[in-house]
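Have a look at the structure below before the remarks.
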Amino acid sequence: MGSVSRVTATISTKRQIAARAVGVTKLYGEGEAQVAALRGVNVDLVGGEFTAIMGPSGSGKSTLMHCLAGLDTITAGEVFIGDARVDGMSDKDLTALRRTRIGFIFQQFNLLPTLTAQENILLPLAIAGRKPSQDWYDRVVDTVGLSERLSHRPTELSGGQQQRVACARALVSQPEVIFADEPTGNLDSTSGTEVLKFLQHSVRTLGQTIVMVTHDPNAASYADRVIFLADGAIVNELREPTADAVLDMMRRIDVRTTVA
């Protein structure tokens with residue numbers, strides 16, 4: 001079996017780039033205690049694709065997502081959402097960017113317990129002082145399959161339904177890219193599959209762009225592309241992945257990092 005080589009994960013395409021990292025380095029600490037979470041990462045994330053980011057614990061996958069989303073600062077390099085350069089933005093501009101151009105889905109559903117499903121879905125737009133497109137809202141609600149549960153509060157919904165509410169909340173503002181951090185981590189296998197199918201459907205049918213951090217090879221198999229990190233660098237990628245192919249790649253990366 002061939003060794004895993006370090007690669008620059010970029011795509012030559014005429015399709016729009018939804019998010020981009022150029023030579024991104026992220027350092028924590030100083031002196032001898034300094035740790036490099038990311039080491040000169042270059043990656044283009046294409047619009048209308050479902051990308052999964054995987055790697056061993058401590059590989060930098062969550063750090064990369066947080067830097068791409070403007071949730072964390074970078075030490076060196078450049079980060080873009082579309083044509084907007086994120087690094088160096090003021091807090092005010094970052095807040096506006098996250099409200100209008102980025103959606104988030106987290107492992108913890110982060111729903112407000114006093115609000116109904118519908119109110120939770122529309123909350124980001126309400127905070128931004130925007131009204132939803134009725135046609136788009138109807139499409140999103142239909143896609144997540146929650147039209148009969150919109151008046152229910154989170155405690156009246158299953159875990160899978162709560163995460164689908166969180167997915168709809170991320171979609172309703174029609175962001176350029178959605179970042180999902182272990183979105184099935186708190187779900188059983190059946191509910192997790194429902195959410196993954198929804199995310200895949202939202203890309204293929206609604207044209208959404210999704211970037212998902214996961215440790216689960218089965219979850220990654222729903223993506224169009226899987227990027228693998230080790231020691232803060234991109235080391236390989238797969239297109240049209242299967243769970244077995246992802247698992248095999250992870251084993252090879254584990255061997256590589258253990259030997260190193």
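Identifiers in the structure tokens: chain A, B, ... in order shown; residue index from 1 per chain; ligand index from 1 in order shown.
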
With DSSP run on the backbone, what are the strand (DSSP E or B) residues within stretch 70-256 of chain A? I'd like them as number ranges by chain.
A: 76-81, 84-85, 102-105, 177-181, 210-213, 225-230, 233-239

Using only N, CA and C atoms, please write the residues we just selected to a file, as a CSV table (one decimal), in the first residue's frame.
chain,number,residue,atom,x,y,z
A,76,ALA,N,-0.5,33.4,10.4
A,76,ALA,CA,0.0,33.8,9.2
A,76,ALA,C,-0.9,33.2,8.1
A,77,GLY,N,-0.8,33.9,6.9
A,77,GLY,CA,-1.6,33.4,5.7
A,77,GLY,C,-2.8,34.3,5.5
A,78,GLU,N,-3.7,33.8,4.7
A,78,GLU,CA,-4.9,34.5,4.3
A,78,GLU,C,-6.1,33.6,4.3
A,79,VAL,N,-7.3,34.1,4.7
A,79,VAL,CA,-8.5,33.3,4.7
A,79,VAL,C,-9.6,34.2,4.0
A,80,PHE,N,-10.3,33.5,3.1
A,80,PHE,CA,-11.4,34.2,2.3
A,80,PHE,C,-12.7,33.4,2.4
A,81,ILE,N,-13.8,34.2,2.5
A,81,ILE,CA,-15.1,33.7,2.3
A,81,ILE,C,-15.6,34.3,1.0
A,84,ALA,N,-14.2,37.9,0.0
A,84,ALA,CA,-14.0,38.7,1.2
A,84,ALA,C,-12.9,38.1,2.0
A,85,ARG,N,-11.8,38.9,2.2
A,85,ARG,CA,-10.7,38.5,3.1
A,85,ARG,C,-11.1,38.6,4.5
A,102,ILE,N,-22.4,33.3,6.4
A,102,ILE,CA,-21.9,32.0,6.9
A,102,ILE,C,-23.1,31.4,7.8
A,103,GLY,N,-23.2,30.1,7.7
A,103,GLY,CA,-24.1,29.4,8.6
A,103,GLY,C,-23.3,28.4,9.5
A,104,PHE,N,-23.9,28.1,10.7
A,104,PHE,CA,-23.1,27.2,11.6
A,104,PHE,C,-24.1,26.1,12.1
A,105,ILE,N,-23.5,24.8,12.2
A,105,ILE,CA,-24.2,23.7,12.8
A,105,ILE,C,-23.2,23.1,13.8
A,177,VAL,N,-21.7,29.6,2.7
A,177,VAL,CA,-21.2,28.4,3.2
A,177,VAL,C,-21.7,28.1,4.6
A,178,ILE,N,-21.9,26.8,4.8
A,178,ILE,CA,-22.3,26.3,6.2
A,178,ILE,C,-21.1,25.5,6.7
A,179,PHE,N,-20.7,25.8,7.9
A,179,PHE,CA,-19.7,25.0,8.6
A,179,PHE,C,-20.4,24.2,9.7
A,180,ALA,N,-20.1,22.9,9.7
A,180,ALA,CA,-20.8,21.9,10.6
A,180,ALA,C,-19.7,21.2,11.4
A,181,ASP,N,-19.7,21.4,12.7
A,181,ASP,CA,-18.7,20.8,13.6
A,181,ASP,C,-19.3,19.5,14.3
A,210,ILE,N,-21.4,23.0,2.0
A,210,ILE,CA,-21.2,22.6,3.4
A,210,ILE,C,-19.8,22.1,3.7
A,211,VAL,N,-19.2,22.5,4.8
A,211,VAL,CA,-17.9,22.0,5.2
A,211,VAL,C,-18.1,21.4,6.6
A,212,MET,N,-17.8,20.1,6.7
A,212,MET,CA,-18.1,19.4,7.9
A,212,MET,C,-16.9,18.8,8.5
A,213,VAL,N,-16.6,19.0,9.8
A,213,VAL,CA,-15.6,18.3,10.6
A,213,VAL,C,-16.2,17.1,11.2
A,225,ARG,N,-16.3,15.2,-1.1
A,225,ARG,CA,-14.8,15.3,-1.0
A,225,ARG,C,-14.5,15.2,0.5
A,226,VAL,N,-13.4,14.4,0.8
A,226,VAL,CA,-12.9,14.4,2.1
A,226,VAL,C,-11.4,14.9,2.1
A,227,ILE,N,-11.1,15.8,3.0
A,227,ILE,CA,-9.8,16.3,3.2
A,227,ILE,C,-9.2,15.8,4.5
A,228,PHE,N,-8.0,15.2,4.4
A,228,PHE,CA,-7.4,14.6,5.6
A,228,PHE,C,-6.2,15.5,6.1
A,229,LEU,N,-6.2,15.7,7.4
A,229,LEU,CA,-5.2,16.5,8.1
A,229,LEU,C,-4.4,15.6,9.0
A,230,ALA,N,-3.1,15.9,9.2
A,230,ALA,CA,-2.2,15.3,10.2
A,230,ALA,C,-1.2,16.3,10.6
A,233,ALA,N,-1.3,19.8,8.9
A,233,ALA,CA,-1.1,19.9,7.4
A,233,ALA,C,-2.0,19.0,6.7
A,234,ILE,N,-2.5,19.4,5.5
A,234,ILE,CA,-3.3,18.5,4.6
A,234,ILE,C,-2.4,17.5,4.0
A,235,VAL,N,-2.7,16.2,4.2
A,235,VAL,CA,-1.9,15.1,3.7
A,235,VAL,C,-2.5,14.3,2.6
A,236,ASN,N,-3.8,14.4,2.4
A,236,ASN,CA,-4.4,13.7,1.3
A,236,ASN,C,-5.9,14.1,1.2
A,237,GLU,N,-6.5,13.6,0.1
A,237,GLU,CA,-8.0,13.8,0.0
A,237,GLU,C,-8.6,12.7,-0.8
A,238,LEU,N,-9.9,12.5,-0.7
A,238,LEU,CA,-10.6,11.6,-1.5
A,238,LEU,C,-11.8,12.3,-2.1
A,239,ARG,N,-12.2,11.8,-3.3
A,239,ARG,CA,-13.4,12.3,-3.9
A,239,ARG,C,-14.4,11.1,-4.1

For A:Gly58, please output as a PDB file with N, CA, C and O atoms, in the first residue's frame all residues within 9 Å (counting only C-alpha atoms; exclusion window: fewer than 3 positions along the same chain).
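This is the output file selection_35.pdb:
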ATOM      1  N   ALA A  37      -0.778  24.406  15.399  1.00  0.00           N
ATOM      2  CA  ALA A  37      -2.029  23.691  15.119  1.00  0.00           C
ATOM      3  C   ALA A  37      -2.246  23.544  13.621  1.00  0.00           C
ATOM      4  O   ALA A  37      -2.806  22.551  13.161  1.00  0.00           O
ATOM      5  N   GLY A  55      -9.202  13.780  10.386  1.00  0.00           N
ATOM      6  CA  GLY A  55      -7.826  13.625  10.822  1.00  0.00           C
ATOM      7  C   GLY A  55      -7.794  13.108  12.249  1.00  0.00           C
ATOM      8  O   GLY A  55      -8.806  13.157  12.961  1.00  0.00           O
ATOM      9  N   LYS A  61      -8.069  19.750  12.510  1.00  0.00           N
ATOM     10  CA  LYS A  61      -9.278  19.838  11.670  1.00  0.00           C
ATOM     11  C   LYS A  61     -10.272  20.864  12.204  1.00  0.00           C
ATOM     12  O   LYS A  61     -10.820  21.654  11.427  1.00  0.00           O
ATOM     13  N   SER A  62     -10.520  20.878  13.511  1.00  0.00           N
ATOM     14  CA  SER A  62     -11.445  21.866  14.063  1.00  0.00           C
ATOM     15  C   SER A  62     -10.848  23.264  14.003  1.00  0.00           C
ATOM     16  O   SER A  62     -11.557  24.246  13.736  1.00  0.00           O
ATOM     17  N   ALA A 230      -3.092  15.887   9.157  1.00  0.00           N
ATOM     18  CA  ALA A 230      -2.242  15.253  10.161  1.00  0.00           C
ATOM     19  C   ALA A 230      -1.179  16.256  10.554  1.00  0.00           C
ATOM     20  O   ALA A 230      -0.582  16.915   9.688  1.00  0.00           O
ATOM     21  N   ASP A 231      -0.974  16.423  11.836  1.00  0.00           N
ATOM     22  CA  ASP A 231       0.055  17.346  12.342  1.00  0.00           C
ATOM     23  C   ASP A 231      -0.081  18.742  11.748  1.00  0.00           C
ATOM     24  O   ASP A 231       0.910  19.400  11.417  1.00  0.00           O
ATOM     25  N   GLY A 232      -1.314  19.212  11.585  1.00  0.00           N
ATOM     26  CA  GLY A 232      -1.547  20.568  11.149  1.00  0.00           C
ATOM     27  C   GLY A 232      -1.385  20.820   9.669  1.00  0.00           C
ATOM     28  O   GLY A 232      -1.371  21.971   9.233  1.00  0.00           O
TER      29      GLY A 232
END

Atom CA of A:Gly207 and atom CA of A:Ala18, how far apart in Å?
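That distance, rounded to one decimal, is 11.9 Å.
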
Pick from A:Leu97, A:Val144, A:Ala52, A:Ala170: nearest to A:Ala219, with only C-alpha atoms counted?
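Nearest candidate to A:Ala219 out of A:Leu97, A:Val144, A:Ala52, A:Ala170: A:Ala52.
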
Gap from atom CA of A:Asn186 to atom CA of A:Gln107 - Å, one decimal
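Distance reported for this atom pair: 6.2 Å.
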
Non-local contacts of A:Leu45 (9 Å; only C-alpha atoms; under 3 positions in same chain excluded) as a VMD selection string:
chain A and resid 10 to 11 16 to 21 49 to 51 209 211

Counting only C-alpha atoms, the option among A:Asp244, A:Asp83, A:Asp142, A:Asp44 closest to A:Val172
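Selected residue with least distance to A:Val172: A:Asp142.
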
Using only C-alpha atoms, determine which residues lie at most 9 Å from stretch 146-155 of chain A, disregarding the query and same-chain residues fewer than 3 positions distant; provide the list as an MDAnalysis selection string.
chainID A and resid 111:120 138 141:143 158:159 161:162 164:165

Residues as selected, all heavy atoms, written as a short mmCIF file (atom, residue, chain, number, x, y, z; two decimals), in the first residue's frame, can you do that?
data_model
loop_
_atom_site.label_atom_id
_atom_site.label_comp_id
_atom_site.auth_asym_id
_atom_site.auth_seq_id
_atom_site.Cartn_x
_atom_site.Cartn_y
_atom_site.Cartn_z
N LEU A 111 -30.18 25.26 20.55
CA LEU A 111 -31.53 25.82 20.36
C LEU A 111 -31.96 26.50 21.65
O LEU A 111 -31.63 26.05 22.75
CB LEU A 111 -32.52 24.72 19.99
CG LEU A 111 -32.21 23.90 18.73
CD1 LEU A 111 -33.30 22.86 18.52
CD2 LEU A 111 -32.05 24.79 17.51
N LEU A 112 -32.72 27.58 21.54
CA LEU A 112 -33.26 28.25 22.72
C LEU A 112 -34.50 27.50 23.18
O LEU A 112 -35.47 27.36 22.42
CB LEU A 112 -33.60 29.70 22.41
CG LEU A 112 -32.39 30.60 22.09
CD1 LEU A 112 -32.84 32.04 21.88
CD2 LEU A 112 -31.35 30.53 23.19
N PRO A 113 -34.51 27.01 24.42
CA PRO A 113 -35.59 26.14 24.87
C PRO A 113 -36.95 26.80 24.96
O PRO A 113 -37.97 26.13 24.91
CB PRO A 113 -35.12 25.68 26.27
CG PRO A 113 -34.15 26.73 26.70
CD PRO A 113 -33.48 27.21 25.45
N THR A 114 -36.98 28.14 25.08
CA THR A 114 -38.26 28.82 25.23
C THR A 114 -38.90 29.15 23.89
O THR A 114 -40.05 29.59 23.83
CB THR A 114 -38.08 30.13 26.02
OG1 THR A 114 -37.13 30.96 25.34
CG2 THR A 114 -37.60 29.84 27.44
N LEU A 115 -38.17 28.92 22.79
CA LEU A 115 -38.68 29.23 21.46
C LEU A 115 -39.17 27.97 20.76
O LEU A 115 -38.67 26.88 21.00
CB LEU A 115 -37.60 29.89 20.60
CG LEU A 115 -37.00 31.21 21.11
CD1 LEU A 115 -36.01 31.75 20.09
CD2 LEU A 115 -38.08 32.23 21.42
N THR A 116 -40.13 28.13 19.89
CA THR A 116 -40.61 27.01 19.08
C THR A 116 -39.57 26.69 18.00
O THR A 116 -38.62 27.45 17.78
CB THR A 116 -41.93 27.35 18.39
OG1 THR A 116 -41.71 28.42 17.46
CG2 THR A 116 -42.99 27.74 19.41
N ALA A 117 -39.79 25.57 17.31
CA ALA A 117 -38.89 25.21 16.22
C ALA A 117 -38.84 26.32 15.18
O ALA A 117 -37.77 26.72 14.70
CB ALA A 117 -39.34 23.90 15.59
N GLN A 118 -40.01 26.85 14.82
CA GLN A 118 -40.06 27.92 13.82
C GLN A 118 -39.31 29.15 14.29
O GLN A 118 -38.55 29.77 13.52
CB GLN A 118 -41.51 28.29 13.51
CG GLN A 118 -41.63 29.39 12.46
CD GLN A 118 -43.07 29.65 12.06
OE1 GLN A 118 -44.00 29.16 12.69
NE2 GLN A 118 -43.27 30.40 11.00
N GLU A 119 -39.49 29.53 15.55
CA GLU A 119 -38.81 30.71 16.08
C GLU A 119 -37.31 30.50 16.13
O GLU A 119 -36.52 31.42 15.87
CB GLU A 119 -39.36 31.04 17.47
CG GLU A 119 -40.80 31.56 17.42
CD GLU A 119 -41.46 31.61 18.79
OE1 GLU A 119 -41.02 30.86 19.69
OE2 GLU A 119 -42.44 32.36 18.95
N ASN A 120 -36.86 29.29 16.46
CA ASN A 120 -35.44 28.99 16.45
C ASN A 120 -34.86 29.07 15.05
O ASN A 120 -33.76 29.59 14.84
CB ASN A 120 -35.17 27.60 17.05
CG ASN A 120 -34.93 27.62 18.54
OD1 ASN A 120 -33.89 28.08 19.01
ND2 ASN A 120 -35.92 27.12 19.30
N ASP A 138 -40.05 28.01 2.92
CA ASP A 138 -40.90 26.85 2.67
C ASP A 138 -40.08 25.67 2.14
O ASP A 138 -40.31 24.52 2.53
CB ASP A 138 -42.01 27.20 1.68
CG ASP A 138 -43.05 28.16 2.27
OD1 ASP A 138 -43.10 28.28 3.51
OD2 ASP A 138 -43.79 28.77 1.48
N VAL A 141 -37.97 24.24 5.12
CA VAL A 141 -38.81 23.48 6.06
C VAL A 141 -39.25 22.17 5.44
O VAL A 141 -39.28 21.12 6.10
CB VAL A 141 -40.03 24.33 6.48
CG1 VAL A 141 -41.05 23.47 7.23
CG2 VAL A 141 -39.57 25.49 7.36
N ASP A 142 -39.60 22.20 4.15
CA ASP A 142 -39.99 20.97 3.46
C ASP A 142 -38.82 20.00 3.38
O ASP A 142 -38.99 18.79 3.57
CB ASP A 142 -40.49 21.31 2.06
CG ASP A 142 -40.95 20.07 1.29
OD1 ASP A 142 -41.91 19.43 1.76
OD2 ASP A 142 -40.35 19.76 0.25
N THR A 143 -37.62 20.53 3.14
CA THR A 143 -36.45 19.67 3.01
C THR A 143 -36.11 18.99 4.33
O THR A 143 -35.76 17.80 4.35
CB THR A 143 -35.23 20.50 2.54
OG1 THR A 143 -35.54 21.08 1.26
CG2 THR A 143 -33.99 19.63 2.40
N SER A 158 -37.25 15.09 19.19
CA SER A 158 -36.16 14.13 19.36
C SER A 158 -34.83 14.82 19.05
O SER A 158 -34.79 15.93 18.50
CB SER A 158 -36.35 12.95 18.42
OG SER A 158 -36.19 13.36 17.06
N GLY A 159 -33.73 14.13 19.39
CA GLY A 159 -32.42 14.69 19.10
C GLY A 159 -32.22 14.94 17.62
O GLY A 159 -31.70 15.99 17.21
N GLN A 161 -34.56 15.50 15.39
CA GLN A 161 -35.40 16.62 14.98
C GLN A 161 -34.79 17.95 15.41
O GLN A 161 -34.83 18.93 14.66
CB GLN A 161 -36.80 16.46 15.57
CG GLN A 161 -37.61 15.33 14.93
CD GLN A 161 -38.90 15.05 15.68
OE1 GLN A 161 -39.02 15.31 16.88
NE2 GLN A 161 -39.88 14.50 14.97
N GLN A 162 -34.21 17.98 16.62
CA GLN A 162 -33.56 19.21 17.08
C GLN A 162 -32.40 19.59 16.17
O GLN A 162 -32.22 20.76 15.83
CB GLN A 162 -33.06 19.04 18.52
CG GLN A 162 -34.17 18.97 19.55
CD GLN A 162 -33.62 18.91 20.96
OE1 GLN A 162 -32.92 19.79 21.41
NE2 GLN A 162 -33.94 17.82 21.66
N ARG A 164 -32.11 18.81 13.05
CA ARG A 164 -32.66 19.26 11.77
C ARG A 164 -33.17 20.70 11.88
O ARG A 164 -33.09 21.46 10.91
CB ARG A 164 -33.76 18.31 11.29
CG ARG A 164 -33.19 17.04 10.65
CD ARG A 164 -34.27 16.20 10.03
NE ARG A 164 -34.95 15.38 11.02
CZ ARG A 164 -36.22 15.00 10.94
NH1 ARG A 164 -36.97 15.40 9.93
NH2 ARG A 164 -36.75 14.25 11.87
N VAL A 165 -33.68 21.07 13.04
CA VAL A 165 -34.03 22.48 13.27
C VAL A 165 -32.77 23.34 13.17
O VAL A 165 -32.78 24.40 12.55
CB VAL A 165 -34.71 22.66 14.64
CG1 VAL A 165 -34.86 24.16 14.98
CG2 VAL A 165 -36.08 21.99 14.66
#

If you measure from atom CA of A:Cys67 to atom CA of A:Asp91, what distance in Å do you get, rounded to one decimal?
14.2 Å

Run DSSP on the backbone and grab whatever in stretch 166-259 of chain A lands in alpha helix (DSSP H); send it over as JSON, numbers by chain.
{"A": [166, 167, 168, 169, 170, 171, 172, 189, 190, 191, 192, 193, 194, 195, 196, 197, 198, 199, 200, 201, 202, 203, 204, 217, 218, 219, 220, 243, 244, 245, 246, 247, 248, 249, 250, 251, 252, 253, 254, 255, 256, 257, 258, 259]}

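Of the listed residues (A:Gly192, A:Pro124, A:Gly40, A:Gly60), A:Pro124 comes nearest to A:Ala168; the distances count only C-alpha atoms.
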
Counting only C-alpha atoms, closest pick from A:Leu196, A:Val22, A:Leu171, A:Met89 relative to A:Ile121 is A:Leu171

Stretch 129-132 of chain A: which residues within 10 Å, counting only C-alpha atoms, same-chain residues fewer than 6 positions away excluded, as a ChimeraX atom specification?
/A:100,122-123,138,172-174

Could you write those residues out with N, CA and C atoms, as a PDB file, in the first residue's frame?
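Printed below is out.pdb as written:
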ATOM      1  N   THR A 100     -24.502  37.175   7.659  1.00  0.00           N
ATOM      2  CA  THR A 100     -25.061  37.265   6.316  1.00  0.00           C
ATOM      3  C   THR A 100     -24.512  36.235   5.337  1.00  0.00           C
ATOM      4  N   LEU A 122     -35.889  30.897  12.581  1.00  0.00           N
ATOM      5  CA  LEU A 122     -35.879  32.273  12.091  1.00  0.00           C
ATOM      6  C   LEU A 122     -35.049  33.224  12.959  1.00  0.00           C
ATOM      7  N   LEU A 123     -34.498  32.718  14.058  1.00  0.00           N
ATOM      8  CA  LEU A 123     -33.793  33.590  15.008  1.00  0.00           C
ATOM      9  C   LEU A 123     -32.643  34.383  14.372  1.00  0.00           C
ATOM     10  N   ASP A 138     -40.047  28.014   2.916  1.00  0.00           N
ATOM     11  CA  ASP A 138     -40.902  26.849   2.672  1.00  0.00           C
ATOM     12  C   ASP A 138     -40.081  25.670   2.138  1.00  0.00           C
ATOM     13  N   VAL A 172     -31.568  28.968   6.479  1.00  0.00           N
ATOM     14  CA  VAL A 172     -32.648  29.894   6.151  1.00  0.00           C
ATOM     15  C   VAL A 172     -32.142  31.264   5.689  1.00  0.00           C
ATOM     16  N   SER A 173     -30.959  31.648   6.135  1.00  0.00           N
ATOM     17  CA  SER A 173     -30.419  32.940   5.720  1.00  0.00           C
ATOM     18  C   SER A 173     -29.688  32.867   4.386  1.00  0.00           C
ATOM     19  N   GLN A 174     -29.733  31.693   3.743  1.00  0.00           N
ATOM     20  CA  GLN A 174     -29.094  31.468   2.444  1.00  0.00           C
ATOM     21  C   GLN A 174     -27.615  31.866   2.449  1.00  0.00           C
TER      22      GLN A 174
END

Residues near A:His215, cut-off 8 Å, only C-alpha atoms, skip fewer than 6 positions along chain, as a list of chain:residue names
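Returned residues: A:Met54, A:Gly55, A:Pro56, A:Glu182.
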